[in-house]
>>> print(open('coords.txt').read())   # compact mmCIF, C-alpha atoms (C1' of nucleotides)
# COMPACT_ATOMS: atom_id res chain seq x y z
CA MET A 245 93.53 88.25 26.66
CA LYS A 246 89.88 88.67 27.50
CA THR A 247 87.42 86.14 28.82
CA VAL A 248 83.78 86.31 27.81
CA TYR A 249 81.06 85.24 30.19
CA GLU A 250 77.33 84.88 30.09
CA ARG A 251 74.94 85.55 32.90
CA ALA A 252 74.39 81.87 33.62
CA ASP A 253 78.11 81.33 34.24
CA ILE A 254 78.31 84.19 36.70
CA VAL A 255 75.36 83.40 38.96
CA PRO A 256 76.89 80.33 40.64
CA LEU A 257 80.10 82.25 41.31
CA LEU A 258 78.13 85.04 42.90
CA ALA A 259 76.19 82.50 44.94
CA GLU A 260 79.35 81.16 46.58
CA ILE A 261 80.52 84.67 47.39
CA PHE A 262 77.24 85.74 48.96
CA ARG A 263 77.22 82.51 50.96
CA GLU A 264 80.67 83.12 52.34
CA LEU A 265 80.45 86.85 52.97
CA GLY A 266 76.76 87.62 53.35
CA TYR A 267 74.98 90.39 51.46
CA GLU A 268 76.71 93.33 53.13
CA GLY A 269 80.07 91.60 53.27
CA ALA A 270 80.05 90.83 49.56
CA THR A 271 81.45 94.12 48.26
CA LEU A 272 81.83 94.80 44.58
CA SER A 273 85.59 94.81 44.86
CA ARG A 274 85.61 91.42 46.58
CA ILE A 275 83.31 90.07 43.89
CA THR A 276 85.55 91.27 41.07
CA GLU A 277 88.60 90.03 42.96
CA ARG A 278 87.29 86.52 43.55
CA THR A 279 85.60 86.00 40.21
CA GLY A 280 88.06 87.86 38.04
CA ILE A 281 85.06 89.53 36.38
CA GLY A 282 85.31 93.28 36.08
CA LYS A 283 82.72 95.79 37.15
CA GLY A 284 81.90 96.55 33.54
CA SER A 285 80.77 92.99 32.88
CA LEU A 286 78.97 92.71 36.18
CA TYR A 287 76.92 95.84 35.56
CA HIS A 288 76.33 94.80 31.99
CA PHE A 289 74.62 91.59 33.09
CA PHE A 290 73.11 93.00 36.25
CA PRO A 291 72.21 96.65 35.61
CA GLY A 292 70.43 96.72 38.95
CA GLY A 293 73.76 96.23 40.71
CA LYS A 294 74.33 94.17 43.81
CA GLU A 295 70.66 93.80 44.60
CA GLU A 296 69.96 92.31 41.17
CA MET A 297 72.94 89.98 41.54
CA ALA A 298 71.65 88.64 44.84
CA GLY A 299 68.14 88.41 43.40
CA ALA A 300 69.44 86.33 40.49
CA VAL A 301 71.26 84.06 42.90
CA LEU A 302 68.11 83.52 44.97
CA ALA A 303 66.12 82.76 41.81
CA ASP A 304 68.77 80.27 40.72
CA ILE A 305 68.73 78.53 44.07
CA ASP A 306 64.96 78.44 44.03
CA ALA A 307 64.90 76.93 40.56
CA TRP A 308 67.32 74.21 41.61
CA PHE A 309 65.24 73.25 44.65
CA GLU A 310 62.06 73.36 42.60
CA GLN A 311 63.25 70.79 40.08
CA ALA A 312 65.46 68.65 42.33
CA VAL A 313 63.39 68.61 45.52
CA TYR A 314 59.95 70.23 45.48
CA ARG A 315 58.61 68.80 42.23
CA PRO A 316 59.48 65.19 43.08
CA LEU A 317 57.96 65.70 46.54
CA ARG A 318 54.72 66.96 45.04
CA HIS A 319 54.29 64.56 42.16
CA GLY A 320 56.65 61.61 42.50
CA ASP A 321 56.57 58.49 44.60
CA ALA A 322 56.26 59.89 48.11
CA ARG A 323 58.67 57.74 50.10
CA GLN A 324 61.22 57.72 47.32
CA ALA A 325 61.03 61.49 46.92
CA ILE A 326 61.54 62.03 50.65
CA ALA A 327 64.55 59.73 50.64
CA ALA A 328 65.95 61.58 47.63
CA MET A 329 65.42 64.88 49.43
CA TRP A 330 67.72 63.90 52.31
CA SER A 331 70.36 62.72 49.93
CA ASN A 332 70.14 65.75 47.63
CA VAL A 333 70.12 68.16 50.53
CA ASN A 334 73.18 66.53 52.06
CA ASP A 335 75.01 66.84 48.75
CA TYR A 336 73.79 70.35 48.04
CA PHE A 337 74.91 71.70 51.39
CA ARG A 338 78.14 69.70 51.14
CA SER A 339 77.49 67.95 54.46
CA GLY A 340 77.09 71.28 56.19
CA ARG A 341 80.17 72.99 54.79
CA ARG A 342 77.93 75.14 52.63
CA ILE A 343 75.21 77.27 54.17
CA CYS A 344 71.66 78.01 53.06
CA LEU A 345 71.80 81.51 51.62
CA VAL A 346 68.05 81.93 51.94
CA GLY A 347 68.18 81.12 55.64
CA ALA A 348 71.16 83.41 56.16
CA PHE A 349 69.42 86.31 54.39
CA ALA A 350 66.38 85.74 56.61
CA LEU A 351 68.36 86.41 59.77
CA ASP A 352 69.40 90.02 59.26
CA ASP A 353 68.20 93.18 57.57
CA THR A 354 68.75 91.60 54.16
CA ARG A 355 65.41 89.89 54.69
CA GLU A 356 63.63 93.16 53.96
CA ARG A 357 65.09 93.31 50.44
CA PHE A 358 64.08 89.79 49.48
CA SER A 359 61.15 89.15 51.75
CA ALA A 360 58.93 87.53 49.12
CA ALA A 361 61.60 85.21 47.69
CA ILE A 362 62.67 84.09 51.16
CA GLY A 363 59.14 83.39 52.35
CA ASP A 364 58.28 81.56 49.12
CA TYR A 365 61.29 79.27 49.25
CA PHE A 366 60.41 77.94 52.69
CA ILE A 367 56.63 77.88 52.25
CA ARG A 368 56.97 75.84 49.08
CA TRP A 369 59.50 73.50 50.66
CA ILE A 370 57.23 72.84 53.65
CA ASP A 371 54.14 72.45 51.48
CA ALA A 372 55.86 70.06 49.06
CA LEU A 373 57.22 67.94 51.90
CA GLY A 374 53.81 68.01 53.59
CA SER A 375 52.20 66.82 50.38
CA ALA A 376 54.58 63.86 50.15
CA LEU A 377 53.99 63.00 53.81
CA MET A 378 50.23 62.94 53.27
CA ARG A 379 50.60 60.63 50.31
CA ALA A 380 52.78 58.47 52.55
CA GLY A 381 49.96 58.11 55.04
CA CYS A 382 49.99 61.12 57.37
CA THR A 383 46.94 63.19 58.19
CA GLU A 384 47.02 66.79 57.01
CA GLY A 385 47.85 68.07 60.49
CA GLU A 386 50.61 65.54 61.08
CA ALA A 387 52.07 66.19 57.66
CA GLN A 388 52.19 69.95 58.19
CA THR A 389 53.85 69.60 61.60
CA LEU A 390 56.39 67.05 60.42
CA ALA A 391 57.24 69.02 57.30
CA GLU A 392 57.88 72.12 59.37
CA GLU A 393 60.02 70.06 61.73
CA GLY A 394 62.05 68.66 58.87
CA VAL A 395 62.85 71.97 57.20
CA CYS A 396 63.48 73.54 60.60
CA GLY A 397 65.87 70.76 61.52
CA ILE A 398 67.87 71.19 58.33
CA GLN A 399 68.34 74.92 58.94
CA GLY A 400 69.35 74.34 62.54
CA ALA A 401 71.81 71.66 61.52
CA LEU A 402 73.47 74.07 59.10
CA VAL A 403 73.91 76.69 61.80
CA LEU A 404 75.19 74.22 64.36
CA SER A 405 77.60 72.34 62.13
CA ARG A 406 79.14 75.59 60.97
CA ALA A 407 79.37 76.97 64.49
CA LEU A 408 81.09 73.82 65.71
CA ARG A 409 83.07 73.33 62.49
CA ASP A 410 81.88 69.75 62.54
CA GLU A 411 80.37 68.19 59.42
CA THR A 412 79.26 65.11 61.29
CA VAL A 413 76.67 67.23 63.14
CA PHE A 414 74.95 67.93 59.85
CA SER A 415 74.91 64.42 58.46
CA ARG A 416 73.90 62.99 61.82
CA SER A 417 71.02 65.47 62.18
CA LEU A 418 69.81 64.61 58.71
CA GLU A 419 69.77 60.91 59.55
CA THR A 420 67.87 61.49 62.77
CA LEU A 421 65.30 63.61 60.96
CA ALA A 422 64.94 61.05 58.19
CA LYS A 423 64.28 58.30 60.69
CA ARG A 424 61.69 60.29 62.56
CA LEU A 425 59.75 61.16 59.43
CA GLU A 426 59.92 57.58 58.25
CA ALA A 427 58.68 56.30 61.60
CA GLU A 428 55.62 58.52 61.37
CA THR A 429 54.58 57.34 57.93
CA ARG A 430 54.22 53.66 58.73
CA MET B 82 72.65 118.89 77.19
CA LYS B 83 74.89 115.87 77.45
CA THR B 84 74.10 112.30 78.33
CA VAL B 85 76.70 110.19 80.10
CA TYR B 86 76.90 106.44 79.60
CA GLU B 87 78.89 103.58 80.95
CA ARG B 88 80.00 100.52 79.06
CA ALA B 89 77.37 98.29 80.60
CA ASP B 90 74.58 100.52 79.27
CA ILE B 91 75.92 100.46 75.74
CA VAL B 92 76.43 96.74 75.21
CA PRO B 93 72.73 95.81 75.08
CA LEU B 94 72.09 98.61 72.60
CA LEU B 95 74.91 97.35 70.41
CA ALA B 96 73.53 93.82 70.70
CA GLU B 97 70.18 94.80 69.19
CA ILE B 98 71.91 96.61 66.34
CA PHE B 99 74.21 93.70 65.46
CA ARG B 100 71.20 91.40 65.61
CA GLU B 101 69.23 93.51 63.17
CA LEU B 102 71.99 94.43 60.76
CA GLY B 103 74.63 91.73 61.12
CA TYR B 104 78.32 92.46 61.67
CA GLU B 105 79.04 94.00 58.27
CA GLY B 106 75.71 95.79 58.10
CA ALA B 107 76.22 97.47 61.47
CA THR B 108 78.24 100.47 60.35
CA LEU B 109 79.59 102.98 62.83
CA SER B 110 77.30 105.68 61.50
CA ARG B 111 74.23 103.48 61.92
CA ILE B 112 75.34 102.65 65.44
CA THR B 113 75.73 106.32 66.38
CA GLU B 114 72.47 107.12 64.64
CA ARG B 115 70.42 104.47 66.44
CA THR B 116 72.00 104.80 69.85
CA GLY B 117 72.57 108.52 69.85
CA ILE B 118 76.08 107.81 71.12
CA GLY B 119 78.83 109.59 69.24
CA LYS B 120 81.90 107.96 67.74
CA GLY B 121 84.11 109.52 70.38
CA SER B 122 82.25 107.82 73.21
CA LEU B 123 82.12 104.54 71.37
CA TYR B 124 85.88 104.51 70.81
CA HIS B 125 86.41 105.64 74.38
CA PHE B 126 84.70 102.49 75.71
CA PHE B 127 85.78 100.19 72.90
CA PRO B 128 89.25 101.25 71.72
CA GLY B 129 89.38 98.15 69.56
CA GLY B 130 86.53 99.52 67.45
CA LYS B 131 83.75 97.50 65.93
CA GLU B 132 85.41 94.17 66.59
CA GLU B 133 85.71 94.92 70.30
CA MET B 134 82.09 96.06 70.37
CA ALA B 135 80.88 92.81 68.84
CA GLY B 136 83.18 90.84 71.14
CA ALA B 137 81.69 92.57 74.17
CA VAL B 138 78.20 91.79 72.93
CA LEU B 139 79.05 88.10 72.50
CA ALA B 140 80.56 87.98 76.00
CA ASP B 141 77.43 89.60 77.41
CA ILE B 142 75.17 87.11 75.66
CA ASP B 143 77.33 84.24 76.84
CA ALA B 144 77.20 85.48 80.43
CA TRP B 145 73.43 85.68 80.34
CA PHE B 146 73.06 82.13 79.01
CA GLU B 147 75.59 80.87 81.50
CA GLN B 148 73.67 82.09 84.52
CA ALA B 149 70.12 81.76 83.23
CA VAL B 150 70.38 78.50 81.30
CA TYR B 151 73.63 76.53 81.47
CA ARG B 152 74.26 76.68 85.21
CA PRO B 153 70.78 75.50 86.21
CA LEU B 154 71.03 72.73 83.61
CA ARG B 155 74.34 71.54 85.04
CA HIS B 156 73.61 71.82 88.75
CA GLY B 157 69.88 72.30 89.37
CA ASP B 158 66.97 69.92 89.36
CA ALA B 159 67.19 68.38 85.91
CA ARG B 160 63.55 68.33 84.79
CA GLN B 161 62.88 71.73 86.27
CA ALA B 162 65.95 73.24 84.64
CA ILE B 163 64.98 71.85 81.24
CA ALA B 164 61.47 73.25 81.59
CA ALA B 165 62.93 76.61 82.61
CA MET B 166 65.21 76.52 79.58
CA TRP B 167 62.30 76.38 77.13
CA SER B 168 60.55 79.17 78.91
CA ASN B 169 63.63 81.38 79.20
CA VAL B 170 64.63 80.75 75.60
CA ASN B 171 61.17 81.63 74.37
CA ASP B 172 61.29 84.89 76.30
CA TYR B 173 64.87 85.69 75.38
CA PHE B 174 64.26 85.28 71.66
CA ARG B 175 60.93 87.07 71.98
CA SER B 176 59.01 84.17 70.46
CA GLY B 177 61.26 84.23 67.41
CA ARG B 178 61.16 87.95 66.74
CA ARG B 179 64.73 88.22 67.96
CA ILE B 180 67.49 86.16 66.41
CA CYS B 181 70.45 84.35 67.94
CA LEU B 182 73.43 86.56 67.18
CA VAL B 183 75.87 83.74 67.79
CA GLY B 184 74.11 81.55 65.23
CA ALA B 185 73.94 84.41 62.75
CA PHE B 186 77.66 85.13 63.11
CA ALA B 187 78.38 81.45 62.53
CA LEU B 188 76.80 81.54 59.09
CA ASP B 189 79.07 83.96 57.28
CA ASP B 190 82.64 85.17 57.29
CA THR B 191 82.12 86.79 60.69
CA ARG B 192 82.64 83.32 62.13
CA GLU B 193 86.37 83.62 61.50
CA ARG B 194 86.64 86.64 63.81
CA PHE B 195 84.85 85.04 66.74
CA SER B 196 85.42 81.39 66.13
CA ALA B 197 86.24 80.48 69.72
CA ALA B 198 83.35 82.36 71.30
CA ILE B 199 80.87 80.90 68.82
CA GLY B 200 82.06 77.34 69.26
CA ASP B 201 82.10 77.67 73.05
CA TYR B 202 78.58 79.00 73.29
CA PHE B 203 77.10 76.02 71.51
CA ILE B 204 79.40 73.38 72.99
CA ARG B 205 78.56 74.52 76.50
CA TRP B 206 74.86 74.70 75.74
CA ILE B 207 74.82 71.16 74.37
CA ASP B 208 76.96 69.81 77.21
CA ALA B 209 74.85 71.47 79.88
CA LEU B 210 71.63 70.19 78.35
CA GLY B 211 73.18 66.74 77.96
CA SER B 212 74.15 66.76 81.61
CA ALA B 213 70.59 67.54 82.67
CA LEU B 214 69.20 64.84 80.39
CA MET B 215 71.52 62.25 81.92
CA ARG B 216 70.42 63.20 85.41
CA ALA B 217 66.85 62.86 84.15
CA GLY B 218 67.51 59.27 83.15
CA CYS B 219 69.09 59.21 79.69
CA THR B 220 72.18 57.25 78.83
CA GLU B 221 75.20 59.31 77.83
CA GLY B 222 74.69 58.60 74.14
CA GLU B 223 70.98 59.41 74.21
CA ALA B 224 71.62 62.58 76.17
CA GLN B 225 74.25 63.82 73.71
CA THR B 226 72.03 63.15 70.70
CA LEU B 227 68.96 64.72 72.28
CA ALA B 228 70.86 67.76 73.47
CA GLU B 229 72.23 68.34 69.99
CA GLU B 230 68.73 67.92 68.58
CA GLY B 231 67.32 70.43 71.03
CA VAL B 232 69.84 73.20 70.36
CA CYS B 233 69.68 72.46 66.64
CA GLY B 234 65.90 72.71 66.68
CA ILE B 235 65.98 76.09 68.42
CA GLN B 236 68.36 77.54 65.83
CA GLY B 237 66.28 76.18 62.97
CA ALA B 238 63.10 77.55 64.50
CA LEU B 239 64.67 81.02 64.67
CA VAL B 240 65.60 80.91 61.00
CA LEU B 241 62.23 79.59 59.90
CA SER B 242 60.06 81.87 61.98
CA ARG B 243 61.96 84.90 60.73
CA ALA B 244 61.84 83.73 57.12
CA LEU B 245 58.09 83.18 57.32
CA ARG B 246 57.50 86.19 59.59
CA ASP B 247 55.46 83.91 61.77
CA GLU B 248 56.08 83.82 65.51
CA THR B 249 53.84 80.80 65.97
CA VAL B 250 56.42 78.68 64.14
CA PHE B 251 58.93 79.38 66.89
CA SER B 252 56.68 78.75 69.89
CA ARG B 253 55.22 75.65 68.24
CA SER B 254 58.68 74.24 67.48
CA LEU B 255 59.76 74.82 71.06
CA GLU B 256 56.74 72.94 72.36
CA THR B 257 57.34 70.03 70.03
CA LEU B 258 60.99 69.85 71.09
CA ALA B 259 60.07 70.07 74.77
CA LYS B 260 57.61 67.19 74.41
CA ARG B 261 60.09 65.00 72.60
CA LEU B 262 62.81 65.50 75.20
CA GLU B 263 60.35 64.91 77.99
CA ALA B 264 59.12 61.71 76.37
CA GLU B 265 62.67 60.35 76.23
CA THR B 266 63.37 60.96 79.92
CA ARG B 267 60.57 58.86 81.34
C1' DC C 285 85.45 91.44 4.08
C1' DA C 286 82.81 95.46 6.46
C1' DA C 287 79.16 96.89 9.62
C1' DT C 288 76.91 96.23 13.74
C1' DA C 289 76.05 94.62 18.34
C1' DT C 290 77.74 92.75 22.48
C1' DT C 291 81.01 92.46 26.15
C1' DT C 292 84.92 94.15 28.81
C1' DG C 293 88.67 97.21 31.08
C1' DT C 294 89.63 101.44 33.15
C1' DA C 295 89.13 105.76 34.99
C1' DC C 296 86.26 108.17 37.57
C1' DC C 297 82.16 109.96 40.78
C1' DG C 298 80.15 111.44 45.31
C1' DA C 299 79.01 109.05 49.48
C1' DT C 300 80.24 106.50 53.18
C1' DC C 301 83.48 103.47 55.54
C1' DA C 302 86.37 102.61 60.11
C1' DG C 303 89.22 105.06 62.71
C1' DT C 304 91.96 109.35 64.79
C1' DA C 305 92.86 113.80 67.04
C1' DA C 306 92.01 117.09 70.01
C1' DA C 307 89.21 120.66 72.07
C1' DC C 308 85.57 120.76 75.21
C1' DT C 309 82.17 119.61 79.23
C1' DG C 310 80.90 118.66 83.82
C1' DA C 311 81.72 116.41 87.97
C1' DT C 312 84.97 115.37 91.91
C1' DA C 313 88.09 116.74 95.17
C1' DA C 314 92.31 118.88 97.04
C1' DT D 107 89.54 128.14 93.74
C1' DT D 108 92.12 125.18 90.69
C1' DA D 109 93.67 120.74 89.04
C1' DT D 110 92.23 116.47 87.40
C1' DC D 111 89.92 113.23 84.75
C1' DA D 112 86.25 110.38 82.62
C1' DG D 113 83.37 111.14 79.03
C1' DT D 114 81.65 113.79 74.84
C1' DT D 115 81.57 116.47 70.67
C1' DT D 116 83.27 117.84 66.36
C1' DA D 117 86.07 117.86 62.54
C1' DC D 118 88.96 115.34 59.99
C1' DT D 119 91.74 111.37 57.60
C1' DG D 120 92.68 108.01 53.76
C1' DA D 121 90.45 103.99 52.07
C1' DT D 122 86.68 101.86 50.20
C1' DC D 123 81.83 101.77 49.09
C1' DG D 124 78.23 101.08 45.06
C1' DG D 125 77.61 102.91 40.77
C1' DT D 126 78.53 105.43 36.06
C1' DA D 127 80.72 106.65 31.63
C1' DC D 128 82.81 105.37 27.76
C1' DA D 129 86.32 103.78 24.73
C1' DA D 130 88.58 99.52 23.36
C1' DA D 131 88.11 94.79 22.31
C1' DT D 132 85.64 91.04 20.65
C1' DA D 133 81.58 88.43 18.42
C1' DT D 134 78.10 88.31 15.29
C1' DT D 135 75.91 89.26 11.18
C1' DG D 136 75.43 90.82 6.34
>>> encode(input="coords.txt", output="C-alpha cells")
Amino acid sequence: MKTVYERADIVPLLAEIFRELGYEGATLSRITERTGIGKGSLYHFFPGGKEEMAGAVLADIDAWFEQAVYRPLRHGDARQAIAAMWSNVNDYFRSGRRICLVGAFALDDTRERFSAAIGDYFIRWIDALGSALMRAGCTEGEAQTLAEEGVCGIQGALVLSRALRDETVFSRSLETLAKRLEAETR
Amino acid sequence: MKTVYERADIVPLLAEIFRELGYEGATLSRITERTGIGKGSLYHFFPGGKEEMAGAVLADIDAWFEQAVYRPLRHGDARQAIAAMWSNVNDYFRSGRRICLVGAFALDDTRERFSAAIGDYFIRWIDALGSALMRAGCTEGEAQTLAEEGVCGIQGALVLSRALRDETVFSRSLETLAKRLEAETR
DNA sequence: CAATATTTGTACCGATCAGTAAACTGATAA
DNA sequence: TTATCAGTTTACTGATCGGTACAAATATTG
C-alpha cells in the first residue's frame, strides 16, 4: 500500500502543522507523523527542506487572501467587499480557533527568514482595505488609519481569543470593528 | 575568572531570549551562548529545566504588570491610572520593538504548557482596566467591552508593528486606543 | 507489453537537543 | 586551619534534529 500525493495536497496539511506548533516546533518527525507522508516525499516536493515548506505555506495563504479578500476590496463594490471580508475572515480563522500564521511568524525570530512575505501580506491587506474605505467615502488619511486599525484589531483578537480559549472574543471583536468602520463611511 | 549570579539576575536575561526566539527556538545552547551562563548554573537555579525557566519568566512578567499596571487600575485614580497604563505599556514594549511573550506563547503549542498563567494575565488585565473604566463613568457592559478592545488593540499593534518593522504603527495605535477610551468616559 | 520517469520507504549521517554527573572554585565561618 | 556550601565548569548521555542517499514501488509513456 502506498499513497501518492502532489505538492498542492501537502501544503494545507503543512499549514495546519505550522499553525499549531510554530516554525521551530514543527519538526520533520512531527510532520511525517501527523501527515503520514514520509521524509522522502517531503524532500522530493520541497528540496529546500523545512524552510521551503514554510515558504510554500505562506505563499498559499497569501494567494488565498489575495483572491478572497484583497482583490474584492480593491476592485469590487466597496461596502459589499468590506462586509465579505469580515465574514470570510471569521470563517477562515474558524472564529478564532485557528491562528494567523503570518502574524505568529512575525513575533519571533522566524520573521527574519520570511521578512518580505510577512511585510507584504500585511501591507497589501491594509492598502486593499484602505482603497475600499476611500471608495466608501473616507479621505485618504482616514482610510489609512481605519484600515490599520481593522487589521490590527483582527490580529489582536486572534491572540486574545486563543489566550482566553474563548471563541466569542474573536467574533465579538470582529463585530465591533465592523461597526466602527461602517460608522465612519457614512 | 568566574562570575556569580543569582536567580533574580538571570530571569530578565531569559525573558529577552524567549521573546526573541520563542519557547522552542530558545535552545539551551543558545541560552548559554547569549547569557554566558553555563548549563550547570542554569540547572542549579532551575532544576525543572527549560519549562521552569519559562515559567519563572512568565511569573516575573506577571508581577511587573501587577504592580505597574493592574494595581493602579484597580485602586488608583481611574483616569490617571489609564493614562499611566498607555505610557507604561509603550515603554515596556519599547514602542513595539519588544513583543508580549504571553501573547506569543498563546499562539502556538506552548499555550498548553502555560495555559493558566496565560489566561490569568489577560483576564486580570481586562478586569483591572474594566474596573478603572467603570470608576471613570462607564456602565459595566461598556467597561467590559472597552477593556477587551483596549487589550486586544495592544496585542494587535505588537503583531503589526513587528510584521511591518515600523515602530510608528505601535505608538499610533496606542494613541488611537487611548483617545477612544477617553471619549467613552466623558 | 517494455522503457522511462516520478514518487516513496528506509536506513543512515553528523550536529544538536535537553538533561545529568561530578569535580572544582571561592567565599563564609567555626 | 579546616569544614561547609552555594555556585560553576566540563564532560558526557541517549534521543532527536534537519538533511541525504538510494533502492523499491508505482505511474506514465512509447
>>> atom_distance(input="coords.txt", atom1="CA of Ala328 in chain A", atom2="CA of Pro316 in chain A")
8.7 Å
>>> interface_residues(input="coords.txt", of="chain B", to="chain A", cutoff="9 Å", atoms="only C-alpha atoms", output="number ranges by chain")
B: 99-106, 180-192, 196, 199-201, 203-204, 226, 229-230, 232-241, 243-246, 250, 254, 257
>>> residues_around(input="coords.txt", residues="Ala325 in chain A", least_positions_apart="4", cutoff="12 Å", atoms="only C-alpha atoms (C1' of nucleotides)", output="list of chain:residue names")
A:Gln311, A:Ala312, A:Val313, A:Tyr314, A:Arg315, A:Pro316, A:Leu317, A:Arg318, A:His319, A:Gly320, A:Asp321, A:Met329, A:Trp330, A:Ser331, A:Asn332, A:Val333, A:Ala372, A:Leu373, A:Gly374, A:Ser375, A:Ala376, A:Leu377, A:Arg379, A:Ala380, A:Ala422
>>> write_last_selection(input="coords.txt", atoms="C-alpha atoms", output="PDB file, in the coordinates of the input")
ATOM      1  CA  GLN A 311      63.250  70.790  40.080  1.00  0.00           C
ATOM      2  CA  ALA A 312      65.460  68.650  42.330  1.00  0.00           C
ATOM      3  CA  VAL A 313      63.390  68.610  45.520  1.00  0.00           C
ATOM      4  CA  TYR A 314      59.950  70.230  45.480  1.00  0.00           C
ATOM      5  CA  ARG A 315      58.610  68.800  42.230  1.00  0.00           C
ATOM      6  CA  PRO A 316      59.480  65.190  43.080  1.00  0.00           C
ATOM      7  CA  LEU A 317      57.960  65.700  46.540  1.00  0.00           C
ATOM      8  CA  ARG A 318      54.720  66.960  45.040  1.00  0.00           C
ATOM      9  CA  HIS A 319      54.290  64.560  42.160  1.00  0.00           C
ATOM     10  CA  GLY A 320      56.650  61.610  42.500  1.00  0.00           C
ATOM     11  CA  ASP A 321      56.570  58.490  44.600  1.00  0.00           C
ATOM     12  CA  MET A 329      65.420  64.880  49.430  1.00  0.00           C
ATOM     13  CA  TRP A 330      67.720  63.900  52.310  1.00  0.00           C
ATOM     14  CA  SER A 331      70.360  62.720  49.930  1.00  0.00           C
ATOM     15  CA  ASN A 332      70.140  65.750  47.630  1.00  0.00           C
ATOM     16  CA  VAL A 333      70.120  68.160  50.530  1.00  0.00           C
ATOM     17  CA  ALA A 372      55.860  70.060  49.060  1.00  0.00           C
ATOM     18  CA  LEU A 373      57.220  67.940  51.900  1.00  0.00           C
ATOM     19  CA  GLY A 374      53.810  68.010  53.590  1.00  0.00           C
ATOM     20  CA  SER A 375      52.200  66.820  50.380  1.00  0.00           C
ATOM     21  CA  ALA A 376      54.580  63.860  50.150  1.00  0.00           C
ATOM     22  CA  LEU A 377      53.990  63.000  53.810  1.00  0.00           C
ATOM     23  CA  ARG A 379      50.600  60.630  50.310  1.00  0.00           C
ATOM     24  CA  ALA A 380      52.780  58.470  52.550  1.00  0.00           C
ATOM     25  CA  ALA A 422      64.940  61.050  58.190  1.00  0.00           C
TER      26      ALA A 422
END
>>> atom_distance(input="coords.txt", atom1="CA of Thr84 in chain B", atom2="CA of Gly130 in chain B")
20.9 Å
>>> residues_near_point(input="coords.txt", point="(83.0, 115.6, 51.2)", cutoff="12 Å", atoms="all atoms listed in the file", output="JSON, numbers by chain")
{"C": [297, 298, 299, 300], "D": [117, 118, 119]}
>>> write_last_selection(input="coords.txt", atoms="C-alpha atoms (C1' of nucleotides)", output="mmCIF file, in the frame of the given file")
data_model
loop_
_atom_site.group_PDB
_atom_site.id
_atom_site.type_symbol
_atom_site.label_atom_id
_atom_site.label_comp_id
_atom_site.auth_asym_id
_atom_site.auth_seq_id
_atom_site.Cartn_x
_atom_site.Cartn_y
_atom_site.Cartn_z
ATOM 1 C "C1'" DC C 297 82.160 109.960 40.780
ATOM 2 C "C1'" DG C 298 80.150 111.440 45.310
ATOM 3 C "C1'" DA C 299 79.010 109.050 49.480
ATOM 4 C "C1'" DT C 300 80.240 106.500 53.180
ATOM 5 C "C1'" DA D 117 86.070 117.860 62.540
ATOM 6 C "C1'" DC D 118 88.960 115.340 59.990
ATOM 7 C "C1'" DT D 119 91.740 111.370 57.600
#
>>> closest_atom_pairs(input="coords.txt", of="chain C", to="chain B", cutoff="12 Å", atoms="only C-alpha atoms (C1' of nucleotides)", output="JSON lines")
{"residue": "C:DT300", "atom": "C1'", "partner": "B:Ser110", "partner_atom": "CA", "distance": 8.9}
{"residue": "C:DC301", "atom": "C1'", "partner": "B:Thr108", "partner_atom": "CA", "distance": 7.7}
{"residue": "C:DA302", "atom": "C1'", "partner": "B:Leu109", "partner_atom": "CA", "distance": 7.3}
{"residue": "C:DG303", "atom": "C1'", "partner": "B:Gly130", "partner_atom": "CA", "distance": 7.8}
{"residue": "C:DT304", "atom": "C1'", "partner": "B:Gly121", "partner_atom": "CA", "distance": 9.6}
{"residue": "C:DA305", "atom": "C1'", "partner": "B:Gly121", "partner_atom": "CA", "distance": 10.3}
{"residue": "C:DA306", "atom": "C1'", "partner": "B:Gly121", "partner_atom": "CA", "distance": 10.9}
{"residue": "C:DC308", "atom": "C1'", "partner": "B:Lys83", "partner_atom": "CA", "distance": 12.0}
{"residue": "C:DT309", "atom": "C1'", "partner": "B:Lys83", "partner_atom": "CA", "distance": 8.4}
{"residue": "C:DG310", "atom": "C1'", "partner": "B:Lys83", "partner_atom": "CA", "distance": 9.2}
{"residue": "C:DA311", "atom": "C1'", "partner": "B:Val85", "partner_atom": "CA", "distance": 11.2}
>>> write_last_selection(input="coords.txt", atoms="C-alpha atoms (C1' of nucleotides)", output="PDB file, in the coordinates of the input")
ATOM      1  C1'  DT C 300      80.240 106.500  53.180  1.00  0.00           C
ATOM      2  C1'  DC C 301      83.480 103.470  55.540  1.00  0.00           C
ATOM      3  C1'  DA C 302      86.370 102.610  60.110  1.00  0.00           C
ATOM      4  C1'  DG C 303      89.220 105.060  62.710  1.00  0.00           C
ATOM      5  C1'  DT C 304      91.960 109.350  64.790  1.00  0.00           C
ATOM      6  C1'  DA C 305      92.860 113.800  67.040  1.00  0.00           C
ATOM      7  C1'  DA C 306      92.010 117.090  70.010  1.00  0.00           C
ATOM      8  C1'  DC C 308      85.570 120.760  75.210  1.00  0.00           C
ATOM      9  C1'  DT C 309      82.170 119.610  79.230  1.00  0.00           C
ATOM     10  C1'  DG C 310      80.900 118.660  83.820  1.00  0.00           C
ATOM     11  C1'  DA C 311      81.720 116.410  87.970  1.00  0.00           C
TER      12       DA C 311
END
>>> interface_residues(input="coords.txt", of="chain D", to="chain A", cutoff="8 Å", atoms="all atoms listed in the file", output="short mmCIF file (atom, residue, chain, number, x, y, z; two decimals) with C-alpha atoms (C1' of nucleotides), keeping the file's coordinate frame")
data_model
loop_
_atom_site.label_atom_id
_atom_site.label_comp_id
_atom_site.auth_asym_id
_atom_site.auth_seq_id
_atom_site.Cartn_x
_atom_site.Cartn_y
_atom_site.Cartn_z
"C1'" DC D 123 81.83 101.77 49.09
"C1'" DG D 124 78.23 101.08 45.06
"C1'" DG D 125 77.61 102.91 40.77
#
>>> residues_around(input="coords.txt", residues="Ala89 in chain B", least_positions_apart="5", cutoff="12 Å", atoms="only C-alpha atoms (C1' of nucleotides)", output="list in words")
Leu94, Leu95, Ala96, Phe126, Phe127, Met134, Ala137, Val138, Ala140 and Asp141 of chain B
>>> write_last_selection(input="coords.txt", atoms="C-alpha atoms", output="compact mmCIF listing (two decimals), in the frame of the given file")
# COMPACT_ATOMS: atom_id res chain seq x y z
CA LEU B 94 72.09 98.61 72.60
CA LEU B 95 74.91 97.35 70.41
CA ALA B 96 73.53 93.82 70.70
CA PHE B 126 84.70 102.49 75.71
CA PHE B 127 85.78 100.19 72.90
CA MET B 134 82.09 96.06 70.37
CA ALA B 137 81.69 92.57 74.17
CA VAL B 138 78.20 91.79 72.93
CA ALA B 140 80.56 87.98 76.00
CA ASP B 141 77.43 89.60 77.41
